[in-house]
>>> print(open('data.txt').read())   # compact mmCIF, C-alpha atoms
# COMPACT_ATOMS: atom_id res chain seq x y z
CA MET S 50 -16.06 -77.77 10.13
CA ALA S 51 -16.33 -81.35 8.87
CA LEU S 52 -16.12 -81.94 5.14
CA ILE S 53 -19.08 -80.60 3.23
CA ASN S 54 -21.17 -83.17 1.40
CA ARG S 55 -24.13 -83.10 -0.95
CA GLU S 56 -26.59 -83.04 1.93
CA THR S 57 -24.96 -80.13 3.76
CA ARG S 58 -27.05 -76.97 3.70
CA LEU S 59 -25.16 -74.19 1.94
CA CYS S 60 -26.44 -71.67 4.50
CA ASP S 61 -24.62 -73.65 7.23
CA VAL S 62 -21.41 -73.58 5.19
CA ILE S 63 -21.61 -69.81 4.69
CA SER S 64 -22.57 -69.21 8.29
CA ALA S 65 -19.52 -71.14 9.52
CA HIS S 66 -17.18 -69.73 6.82
CA PRO S 67 -18.36 -66.32 5.56
CA ASP S 68 -15.16 -65.97 3.53
CA VAL S 69 -16.50 -68.66 1.21
CA VAL S 70 -19.03 -66.19 -0.27
CA PRO S 71 -16.75 -65.05 -3.15
CA VAL S 72 -16.11 -68.71 -4.00
CA VAL S 73 -19.82 -69.58 -4.29
CA ASN S 74 -20.34 -66.34 -6.23
CA ARG S 75 -17.91 -67.67 -8.85
CA PHE S 76 -20.37 -70.48 -9.51
CA GLY S 77 -23.18 -67.97 -9.99
CA ILE S 78 -24.62 -68.67 -6.54
CA THR S 79 -25.49 -65.55 -4.58
CA LEU S 80 -26.61 -64.90 -1.01
CA GLY S 81 -30.22 -65.72 -0.22
CA THR S 82 -29.67 -69.46 -0.45
CA GLY S 83 -32.65 -70.44 1.72
CA ASP S 84 -32.05 -73.77 3.42
CA LEU S 85 -31.21 -75.68 0.27
CA THR S 86 -28.54 -78.34 0.30
CA VAL S 87 -25.43 -78.03 -1.84
CA GLU S 88 -26.82 -80.67 -4.17
CA ALA S 89 -30.16 -78.87 -4.59
CA ILE S 90 -28.49 -75.53 -5.28
CA CYS S 91 -26.11 -77.11 -7.79
CA ARG S 92 -29.05 -78.72 -9.55
CA GLU S 93 -30.83 -75.35 -9.63
CA HIS S 94 -27.77 -73.72 -11.22
CA SER S 95 -26.91 -76.67 -13.49
CA LEU S 96 -23.58 -77.15 -11.77
CA ASP S 97 -21.51 -80.29 -11.27
CA ALA S 98 -22.06 -80.85 -7.53
CA ASP S 99 -18.91 -82.98 -7.19
CA PHE S 100 -16.76 -80.22 -8.62
CA VAL S 101 -18.38 -77.54 -6.43
CA LEU S 102 -17.90 -79.74 -3.34
CA VAL S 103 -14.23 -80.32 -4.05
CA ILE S 104 -13.63 -76.61 -4.55
CA LEU S 105 -15.53 -75.64 -1.38
CA ASN S 106 -13.78 -78.27 0.72
CA THR S 107 -10.40 -77.29 -0.69
CA PHE S 108 -11.05 -73.65 0.16
CA ILE S 109 -12.34 -74.28 3.67
CA ASN S 110 -9.94 -76.98 4.80
CA GLY S 111 -6.31 -76.08 4.21
CA GLU S 112 -5.26 -79.69 4.65
CA TYR S 113 -7.85 -81.11 2.27
CA PHE S 114 -6.57 -81.52 -1.24
CA PRO S 115 -8.01 -84.49 -3.16
CA GLU S 116 -5.56 -84.57 -6.06
CA ARG S 117 -7.00 -87.74 -7.59
CA THR S 118 -10.58 -86.45 -7.51
CA LEU S 119 -9.54 -83.09 -8.92
CA ARG S 120 -7.63 -84.74 -11.74
CA SER S 121 -10.76 -86.64 -12.68
CA PHE S 122 -12.29 -83.38 -13.89
CA SER S 123 -11.52 -82.04 -17.34
CA ALA S 124 -8.87 -79.35 -17.77
CA SER S 125 -11.60 -77.15 -19.25
CA ALA S 126 -13.72 -77.40 -16.07
CA ILE S 127 -10.75 -76.44 -13.89
CA ILE S 128 -9.76 -73.63 -16.25
CA ASP S 129 -13.33 -72.36 -16.26
CA TYR S 130 -13.17 -72.08 -12.48
CA LEU S 131 -9.69 -70.49 -12.51
CA ILE S 132 -10.84 -67.93 -15.09
CA LYS S 133 -13.64 -66.96 -12.73
CA THR S 134 -11.26 -66.61 -9.78
CA ASP S 135 -8.84 -64.55 -11.87
CA GLY S 136 -11.74 -62.37 -12.98
CA TYR S 137 -12.77 -61.93 -9.35
CA TYR S 138 -9.25 -60.80 -8.43
CA SER S 139 -8.79 -58.41 -11.31
CA GLN S 140 -12.31 -56.96 -11.43
CA PHE S 141 -13.33 -56.89 -7.77
CA GLN S 142 -10.79 -57.82 -5.13
CA LEU S 143 -7.75 -55.87 -6.39
CA PRO S 144 -9.73 -52.71 -7.29
CA ASN S 145 -11.46 -52.96 -3.91
CA ILE S 146 -8.16 -53.12 -2.01
CA HIS S 147 -6.75 -50.37 -4.23
CA ARG S 148 -9.73 -48.12 -3.55
CA HIS S 149 -9.66 -48.68 0.20
CA PHE S 150 -5.89 -48.28 0.36
CA SER S 151 -6.11 -44.98 -1.56
CA LEU S 152 -8.82 -43.82 0.84
CA LEU S 153 -6.70 -44.86 3.79
CA MET S 154 -3.76 -42.89 2.40
CA ARG S 155 -5.92 -39.81 1.87
CA SER S 156 -7.49 -40.02 5.31
CA SER S 157 -4.11 -40.50 6.97
CA ALA S 158 -2.46 -37.24 6.00
CA ASP S 159 -0.18 -37.72 9.00
CA VAL S 160 3.30 -38.01 7.51
CA THR S 161 4.54 -39.80 10.57
CA ASN S 162 3.05 -43.15 9.54
CA ASN S 163 4.79 -45.43 7.07
CA LEU S 164 1.73 -46.41 5.05
CA THR S 165 3.17 -44.86 1.89
CA HIS S 166 5.86 -47.55 1.79
CA LEU S 167 3.29 -50.31 2.28
CA TYR S 168 1.05 -48.81 -0.39
CA ARG S 169 3.89 -48.74 -2.92
CA PHE S 170 4.71 -52.33 -2.08
CA TYR S 171 1.06 -53.29 -2.57
CA GLN S 172 1.11 -51.60 -5.99
CA VAL S 173 4.15 -53.68 -6.99
CA ILE S 174 2.33 -56.87 -5.97
CA GLU S 175 -0.84 -55.78 -7.73
CA ARG S 176 1.01 -55.16 -11.00
CA GLU S 177 2.82 -58.47 -10.77
CA LEU S 178 -0.38 -60.39 -10.04
CA LEU S 179 -2.28 -58.71 -12.89
CA SER S 180 0.50 -59.45 -15.33
CA TYR S 181 0.53 -63.07 -14.18
CA ILE S 182 -3.26 -63.33 -14.55
CA ASP S 183 -3.05 -61.71 -17.99
CA HIS S 184 -0.56 -64.32 -19.17
CA ASP S 185 -2.69 -67.20 -17.88
CA LEU S 186 -5.86 -65.84 -19.44
CA LYS S 187 -4.42 -64.90 -22.80
CA VAL S 188 -1.74 -67.52 -23.33
CA TRP S 189 -1.65 -70.52 -21.04
CA PHE S 190 -5.32 -71.37 -20.47
CA PRO S 191 -6.36 -71.09 -24.16
CA ALA S 192 -3.37 -73.26 -25.11
CA ILE S 193 -4.41 -76.01 -22.67
CA VAL S 194 -8.03 -75.93 -23.88
CA ALA S 195 -6.83 -76.19 -27.50
CA LEU S 196 -4.63 -79.11 -26.50
CA GLU S 197 -7.46 -80.89 -24.73
CA ARG S 198 -9.74 -80.45 -27.75
CA GLY S 199 -7.06 -81.84 -30.05
CA LYS S 200 -6.62 -78.53 -31.82
CA ALA S 201 -2.98 -78.15 -30.81
CA ALA S 202 -0.11 -80.50 -30.13
CA GLU S 203 1.93 -78.34 -27.80
CA CYS S 204 1.33 -75.90 -25.01
CA PRO S 205 3.69 -73.47 -23.30
CA ALA S 206 4.97 -74.59 -19.93
CA GLY S 207 3.03 -73.09 -17.06
CA ASP S 208 4.97 -70.80 -14.77
CA GLU S 209 5.13 -71.84 -11.11
CA GLN S 210 7.69 -69.28 -9.98
CA GLY S 211 5.44 -66.31 -10.64
CA SER S 212 2.71 -67.55 -8.32
CA ALA S 213 5.24 -68.34 -5.59
CA SER S 214 6.65 -64.83 -5.89
CA VAL S 215 3.22 -63.16 -5.57
CA GLU S 216 2.31 -65.36 -2.61
CA GLU S 217 5.58 -64.61 -0.85
CA LYS S 218 5.22 -60.86 -1.35
CA LEU S 219 1.62 -60.84 -0.14
CA HIS S 220 2.71 -62.75 2.93
CA ASP S 221 5.46 -60.16 3.49
CA LEU S 222 2.98 -57.31 3.10
CA ILE S 223 0.67 -58.84 5.71
CA ASN S 224 3.59 -59.20 8.11
CA MET S 225 4.59 -55.60 7.46
CA PHE S 226 1.14 -54.48 8.54
CA ILE S 227 1.31 -56.70 11.61
CA GLN S 228 4.88 -56.00 12.70
CA HIS S 229 6.08 -52.77 11.16
CA LEU S 230 3.17 -50.38 10.69
CA SER S 231 3.70 -47.25 12.76
CA GLY S 232 2.31 -43.77 13.24
CA GLU S 233 -1.27 -42.62 13.19
CA TYR S 234 -3.89 -43.66 10.65
CA ASP S 235 -7.60 -44.38 10.31
CA LEU S 236 -8.04 -47.60 12.27
CA ASN S 237 -11.25 -48.73 10.56
CA LEU S 238 -9.97 -48.17 7.04
CA CYS S 239 -6.70 -49.83 7.90
CA TYR S 240 -8.58 -52.86 9.23
CA ALA S 241 -10.62 -52.99 6.02
CA VAL S 242 -7.46 -52.93 3.88
CA PHE S 243 -5.71 -55.45 6.08
CA THR S 244 -8.58 -57.99 6.12
CA ALA S 245 -9.02 -57.61 2.35
CA ILE S 246 -5.33 -58.38 1.79
CA VAL S 247 -5.50 -61.37 4.15
CA ALA S 248 -8.59 -62.64 2.29
CA LEU S 249 -6.81 -62.21 -1.06
CA GLU S 250 -3.77 -64.10 0.21
CA LYS S 251 -5.89 -67.01 1.43
CA ASP S 252 -7.89 -67.13 -1.80
CA LEU S 253 -4.75 -67.00 -3.94
CA ARG S 254 -3.06 -69.73 -1.92
CA GLN S 255 -5.97 -72.12 -2.54
CA ASN S 256 -6.22 -71.02 -6.15
CA TYR S 257 -2.53 -71.64 -6.79
CA ARG S 258 -2.77 -75.10 -5.22
CA ILE S 259 -5.39 -75.99 -7.83
CA ARG S 260 -3.42 -74.26 -10.59
CA ASN S 261 0.02 -75.67 -9.80
CA ARG S 262 -0.81 -79.09 -8.42
CA ILE S 263 -3.69 -80.00 -10.71
CA LEU S 264 -3.71 -77.97 -13.90
CA LEU S 265 0.05 -77.87 -14.38
CA PRO S 266 0.52 -81.68 -14.21
CA LEU S 267 -2.66 -82.12 -16.26
CA SER S 268 -1.28 -79.87 -19.01
CA ARG S 269 1.99 -81.84 -19.05
CA GLN S 270 0.01 -85.05 -19.26
CA LEU S 271 -1.95 -83.68 -22.22
CA VAL S 272 1.27 -82.70 -23.99
CA ASN S 273 2.67 -86.20 -23.47
CA GLN S 274 -0.55 -87.77 -24.77
CA SER S 275 -0.58 -85.61 -27.88
CA ARG S 276 3.02 -86.57 -28.60
CA GLY S 277 1.92 -90.18 -28.41
CA MET K 222 13.33 -33.59 13.74
CA LYS K 223 13.45 -30.00 12.45
CA VAL K 224 11.48 -27.14 13.94
CA SER K 225 10.74 -23.88 12.20
CA LEU K 226 9.64 -20.98 14.42
CA ARG K 227 7.64 -18.41 12.49
CA LEU K 228 6.42 -16.06 15.16
CA GLY K 229 5.96 -12.32 14.90
CA ASP K 230 6.97 -11.94 18.53
CA THR K 231 10.77 -12.17 18.61
CA ALA K 232 10.96 -12.69 22.37
CA SER K 233 8.64 -15.73 22.18
CA ALA K 234 10.65 -17.13 19.27
CA ILE K 235 13.92 -16.76 21.19
CA GLY K 236 12.35 -18.30 24.30
CA LEU K 237 11.00 -21.32 22.41
CA ARG K 238 14.28 -21.72 20.57
CA TYR K 239 16.10 -21.79 23.91
CA LEU K 240 13.70 -24.43 25.34
CA LEU K 241 13.96 -26.62 22.26
CA ASP K 242 17.76 -26.43 22.40
CA THR K 243 17.98 -27.04 26.16
CA TYR K 244 15.40 -29.81 26.60
CA PHE K 245 15.29 -31.51 23.20
CA ASP K 246 18.65 -30.77 21.61
CA ILE K 247 16.89 -29.22 18.63
CA MET K 248 18.28 -26.08 17.01
CA ALA K 249 15.14 -24.49 15.57
CA SER K 250 15.26 -22.10 12.65
CA VAL K 251 13.67 -18.71 13.22
CA GLY K 252 11.74 -16.67 10.69
CA ALA K 253 9.75 -17.48 7.58
CA CYS K 254 11.55 -19.40 4.87
CA ALA K 255 10.79 -19.90 1.22
CA ASP K 256 7.97 -22.29 0.32
CA SER K 257 10.56 -24.61 -1.11
CA ASP K 258 11.49 -25.34 2.49
CA ALA K 259 9.06 -28.24 2.64
CA ASP K 260 10.94 -30.86 4.56
CA PRO K 261 8.33 -33.49 5.49
CA ALA K 262 9.89 -33.87 8.94
CA THR K 263 9.60 -30.21 9.93
CA LEU K 264 7.30 -29.00 12.69
CA TYR K 265 6.08 -25.45 12.04
CA ILE K 266 5.33 -23.30 15.08
CA VAL K 267 3.64 -20.20 13.75
CA SER K 268 1.80 -17.09 14.87
CA PRO K 269 -1.91 -16.75 13.96
CA GLU K 270 -0.94 -13.93 11.58
CA GLU K 271 1.67 -16.08 9.83
CA LEU K 272 -0.89 -18.88 9.47
CA ALA K 273 -3.52 -16.56 8.05
CA SER K 274 -1.10 -14.99 5.58
CA ARG K 275 0.03 -18.31 4.08
CA LEU K 276 -2.89 -20.69 4.37
CA ASP K 277 -2.01 -22.38 1.09
CA PHE K 278 1.32 -23.45 2.58
CA TYR K 279 0.10 -24.50 6.02
CA ILE K 280 -3.18 -26.26 5.21
CA PRO K 281 -1.46 -29.19 3.49
CA ARG K 282 0.91 -29.30 6.47
CA ARG K 283 -1.75 -28.88 9.13
CA GLN K 284 -0.70 -32.07 10.90
CA ARG K 285 2.69 -30.46 11.52
CA THR K 286 1.61 -26.89 12.09
CA VAL K 287 1.13 -25.49 15.57
CA VAL K 288 -0.32 -22.06 16.18
CA ALA K 289 1.48 -20.43 19.10
CA GLY K 290 0.87 -17.18 20.92
CA PRO K 291 -0.48 -15.75 24.15
CA GLY K 292 -3.44 -17.87 25.25
CA SER K 293 -3.26 -20.17 22.21
CA ALA K 294 -4.93 -23.54 22.83
CA MET K 295 -2.23 -25.28 20.81
CA LEU K 296 0.82 -23.67 22.39
CA ASP K 297 0.40 -20.90 24.91
CA THR K 298 3.64 -18.91 24.90
CA THR K 299 2.68 -17.19 28.17
CA ALA K 300 2.31 -20.46 30.12
CA ASP K 301 4.84 -21.66 32.71
CA GLU K 302 8.09 -22.99 31.35
CA SER K 303 7.34 -26.53 32.57
CA ASP K 304 3.93 -26.47 30.82
CA ILE K 305 5.48 -25.25 27.58
CA VAL K 306 8.18 -27.93 27.74
CA GLU K 307 5.56 -30.60 28.39
CA ARG K 308 3.47 -29.36 25.46
CA LEU K 309 6.49 -29.24 23.18
CA GLN K 310 7.29 -32.81 24.12
CA GLU K 311 3.76 -33.91 23.11
CA LEU K 312 3.99 -32.04 19.81
CA LEU K 313 7.41 -33.39 18.95
CA HIS K 314 6.33 -36.91 19.79
CA THR K 315 3.31 -36.60 17.50
CA CYS K 316 5.45 -35.39 14.61
CA GLU K 317 8.33 -37.81 15.10
CA PRO K 318 9.00 -39.56 11.78
CA ALA K 319 7.96 -43.18 11.94
CA VAL K 320 10.82 -45.55 12.47
CA SER K 321 9.99 -49.13 13.22
CA THR K 322 11.45 -50.16 16.54
CA VAL K 323 11.70 -53.71 15.30
CA GLY K 324 14.70 -52.63 13.26
CA ALA K 325 16.61 -52.28 16.48
CA ASP K 326 16.40 -56.05 16.84
CA LEU K 327 18.68 -56.55 13.85
CA SER K 328 22.34 -56.82 14.76
CA PRO K 329 24.80 -54.47 13.02
CA ARG K 330 26.03 -57.41 10.92
CA GLU K 331 22.48 -58.32 9.92
CA ILE K 332 21.89 -54.72 8.87
CA GLU K 333 25.02 -54.88 6.70
CA VAL K 334 23.76 -58.09 5.09
CA LEU K 335 20.30 -56.56 4.63
CA LYS K 336 21.77 -53.53 2.85
CA LEU K 337 23.73 -55.76 0.47
CA VAL K 338 20.72 -58.00 -0.20
CA VAL K 339 18.54 -55.06 -1.17
CA ALA K 340 21.38 -53.62 -3.24
CA GLY K 341 21.04 -56.73 -5.40
CA PHE K 342 24.09 -58.72 -4.35
CA ILE K 343 23.81 -62.50 -4.35
CA ASN K 344 24.86 -64.56 -1.31
CA LYS K 345 28.27 -65.43 -2.71
CA GLU K 346 29.08 -61.76 -3.36
CA ILE K 347 27.87 -60.78 0.11
CA ALA K 348 30.15 -63.41 1.65
CA GLU K 349 33.11 -61.99 -0.29
CA GLN K 350 32.32 -58.38 0.59
CA LEU K 351 31.93 -59.06 4.30
CA ASN K 352 34.68 -61.66 4.39
CA ILE K 353 32.42 -64.30 5.92
CA SER K 354 31.42 -67.76 4.75
CA PHE K 355 28.54 -68.46 2.40
CA HIS K 356 26.80 -70.41 5.16
CA THR K 357 27.11 -67.49 7.56
CA VAL K 358 25.38 -65.28 4.98
CA LEU K 359 22.58 -67.85 4.72
CA SER K 360 22.30 -67.90 8.49
CA HIS K 361 22.10 -64.09 8.65
CA ARG K 362 19.46 -64.03 5.94
CA LYS K 363 17.42 -66.64 7.75
CA ASN K 364 17.61 -64.63 10.98
CA ILE K 365 16.69 -61.38 9.19
CA SER K 366 13.61 -62.97 7.61
CA SER K 367 12.62 -64.59 10.87
CA LYS K 368 12.94 -61.36 12.88
CA LEU K 369 11.21 -59.14 10.34
CA GLY K 370 8.65 -61.62 8.99
CA ILE K 371 9.79 -60.64 5.47
CA LYS K 372 11.26 -63.07 2.95
CA SER K 373 11.15 -61.46 -0.50
CA VAL K 374 13.90 -59.11 -1.65
CA SER K 375 11.34 -56.49 -2.64
CA GLY K 376 9.77 -56.73 0.82
CA LEU K 377 13.18 -56.35 2.44
CA SER K 378 13.84 -53.32 0.21
CA VAL K 379 10.64 -51.68 1.45
CA TYR K 380 11.65 -52.42 5.04
CA ALA K 381 15.13 -50.99 4.42
CA MET K 382 13.57 -47.81 3.00
CA MET K 383 11.20 -47.50 5.95
CA ASN K 384 14.13 -47.66 8.33
CA GLY K 385 16.54 -45.41 6.46
CA TYR K 386 18.96 -48.16 5.43
CA LEU K 387 18.79 -47.09 1.80
>>> encode(input="data.txt", output="structure tokens")
Amino acid sequence: MALINRETRLCDVISAHPDVVPVVNRFGITLGTGDLTVEAICREHSLDADFVLVILNTFINGEYFPERTLRSFSASAIIDYLIKTDGYYSQFQLPNIHRHFSLLMRSSADVTNNLTHLYRFYQVIERELLSYIDHDLKVWFPAIVALERGKAAECPAGDEQGSASVEEKLHDLINMFIQHLSGEYDLNLCYAVFTAIVALEKDLRQNYRIRNRILLPLSRQLVNQSRG
Amino acid sequence: MKVSLRLGDTASAIGLRYLLDTYFDIMASVGACADSDADPATLYIVSPEELASRLDFYIPRRQRTVVAGPGSAMLDTTADESDIVERLQELLHTCEPAVSTVGADLSPREIEVLKLVVAGFINKEIAEQLNISFHTVLSHRKNISSKLGIKSVSGLSVYAMMNGYL
């Protein structure tokens, strides 16, 4: 799909890319969009249309990453979006995968499959991701906001390694499903778990691009400015 | 694969034991064992009476429990030998513990490297242990990740567990 602009109807965007639904949900936009354009919907929800467009285009087009445009937004606006994505992971996506995975395990009593190993691996990734999110929400993000508002002079360095580690492990888990899953199991539930993990991996990848390539340099810039 | 024959009819048990030994190289145990005998890879071939008397043991293991006896739909002990062998083959195949066949693609050297990686050794230590160069270790690791589609050490550990390398 070509880049989305203000005049693009949101229903066309969702129709072409249904996986964008959780992203628009983060802005408070829900299904039932009518045939309103992105600009009209943003106006209705009091949203910055430019920011919404950049996020949607970044999510949909893997190659699209307008660093200069993104850096023109305030750190607080980017953090506000990242807090919503983190909330979506911790409150909806991870529990959803966990629930479906547990169900898959229970429905696949057949000991001949190797799902147990994949489930344990998923739990390791889940714990690591939650701990990473927790640190961002409680420590890093508030420190950047305080810095931007002139209420602090320093801010702890953001961690890039943690996100790379989670991404790599999720990628491994997906490949394990594709290449190494064996035995008998509930095909439908397995598909549900698999697609949910793939969706999480894609979402996280885009999220980390914004976090590591926009917010991280922005926070360093703010530290340098406050030091004069 | 282990097979436990728990049949009231001794002749049937001896006959099945003979077939399992002859055609599948499996030495089945005969007679009921303690409940602590709960090897997850065991196939239980039981009489209807045995099943009924210990439902609490067999229900959780229903995927690996086969009721055998004269006229049984699961394993008819009065059927022709060839039919019984064919049926046993199906049952054993169903209960075979999962082992990824992709593991066979790793060379013996790559498996050695994999075991050391998941044991926590760094590349330099692996090179010393296997008496190969640091670059050869890197090359093996690259090949392992490429073949398995797994890069992280924790992912490789899971793979190693799945394939009995740990």
>>> closest_atom_pairs(input="data.txt", of="chain S", to="chain K", cutoff="12 Å", atoms="only C-alpha atoms", output="CSV")
residue,atom,partner,partner_atom,distance
S:Arg155,CA,K:Pro281,CA,11.6
S:Ser156,CA,K:Gln284,CA,11.9
S:Ser157,CA,K:Gln284,CA,9.9
S:Ala158,CA,K:Gln284,CA,7.3
S:Asp159,CA,K:Gln284,CA,6.0
S:Val160,CA,K:Pro261,CA,7.1
S:Thr161,CA,K:Pro318,CA,4.6
S:Asn162,CA,K:Ala319,CA,5.5
S:Asn163,CA,K:Ala319,CA,6.2
S:Leu164,CA,K:Met383,CA,9.6
S:Thr165,CA,K:Met383,CA,9.4
S:His166,CA,K:Val379,CA,6.3
S:Leu167,CA,K:Val379,CA,7.5
S:Tyr168,CA,K:Val379,CA,10.2
S:Arg169,CA,K:Val379,CA,8.6
S:Phe170,CA,K:Val379,CA,6.9
S:Tyr171,CA,K:Gly376,CA,10.0
S:Gln172,CA,K:Ser375,CA,11.8
S:Val173,CA,K:Ser375,CA,8.9
S:Ile174,CA,K:Ser375,CA,9.6
S:Glu177,CA,K:Ser375,CA,11.9
S:Ala213,CA,K:Ser373,CA,10.4
S:Ser214,CA,K:Ser373,CA,7.8
S:Val215,CA,K:Ser373,CA,9.6
S:Glu216,CA,K:Ser373,CA,9.9
S:Glu217,CA,K:Ser373,CA,6.4
S:Lys218,CA,K:Ser373,CA,6.0
S:Leu219,CA,K:Gly376,CA,9.2
S:His220,CA,K:Ile371,CA,7.8
S:Asp221,CA,K:Ile371,CA,4.8
S:Leu222,CA,K:Gly376,CA,7.2
S:Ile223,CA,K:Gly370,CA,9.1
S:Asn224,CA,K:Gly370,CA,5.7
S:Met225,CA,K:Gly370,CA,7.4
S:Phe226,CA,K:Gly370,CA,10.4
S:Ile227,CA,K:Gly370,CA,9.2
S:Gln228,CA,K:Leu369,CA,7.4
S:His229,CA,K:Ser321,CA,5.7
S:Leu230,CA,K:Ser321,CA,7.4
S:Ser231,CA,K:Ala319,CA,5.9
S:Gly232,CA,K:Ala319,CA,5.8
S:Glu233,CA,K:Thr315,CA,8.7
S:Tyr234,CA,K:Ala319,CA,11.9
>>> closest_residue(input="data.txt", among="K:Leu226, K:Leu327, K:Ala340, K:Leu296", to="Glu271 in chain K", atoms="only C-alpha atoms")
K:Leu226
>>> atom_distance(input="data.txt", atom1="CA of Arg120 in chain S", atom2="CA of Leu178 in chain S")
25.5 Å
>>> atom_distance(input="data.txt", atom1="CA of Cys204 in chain S", atom2="CA of Asp97 in chain S")
27.0 Å
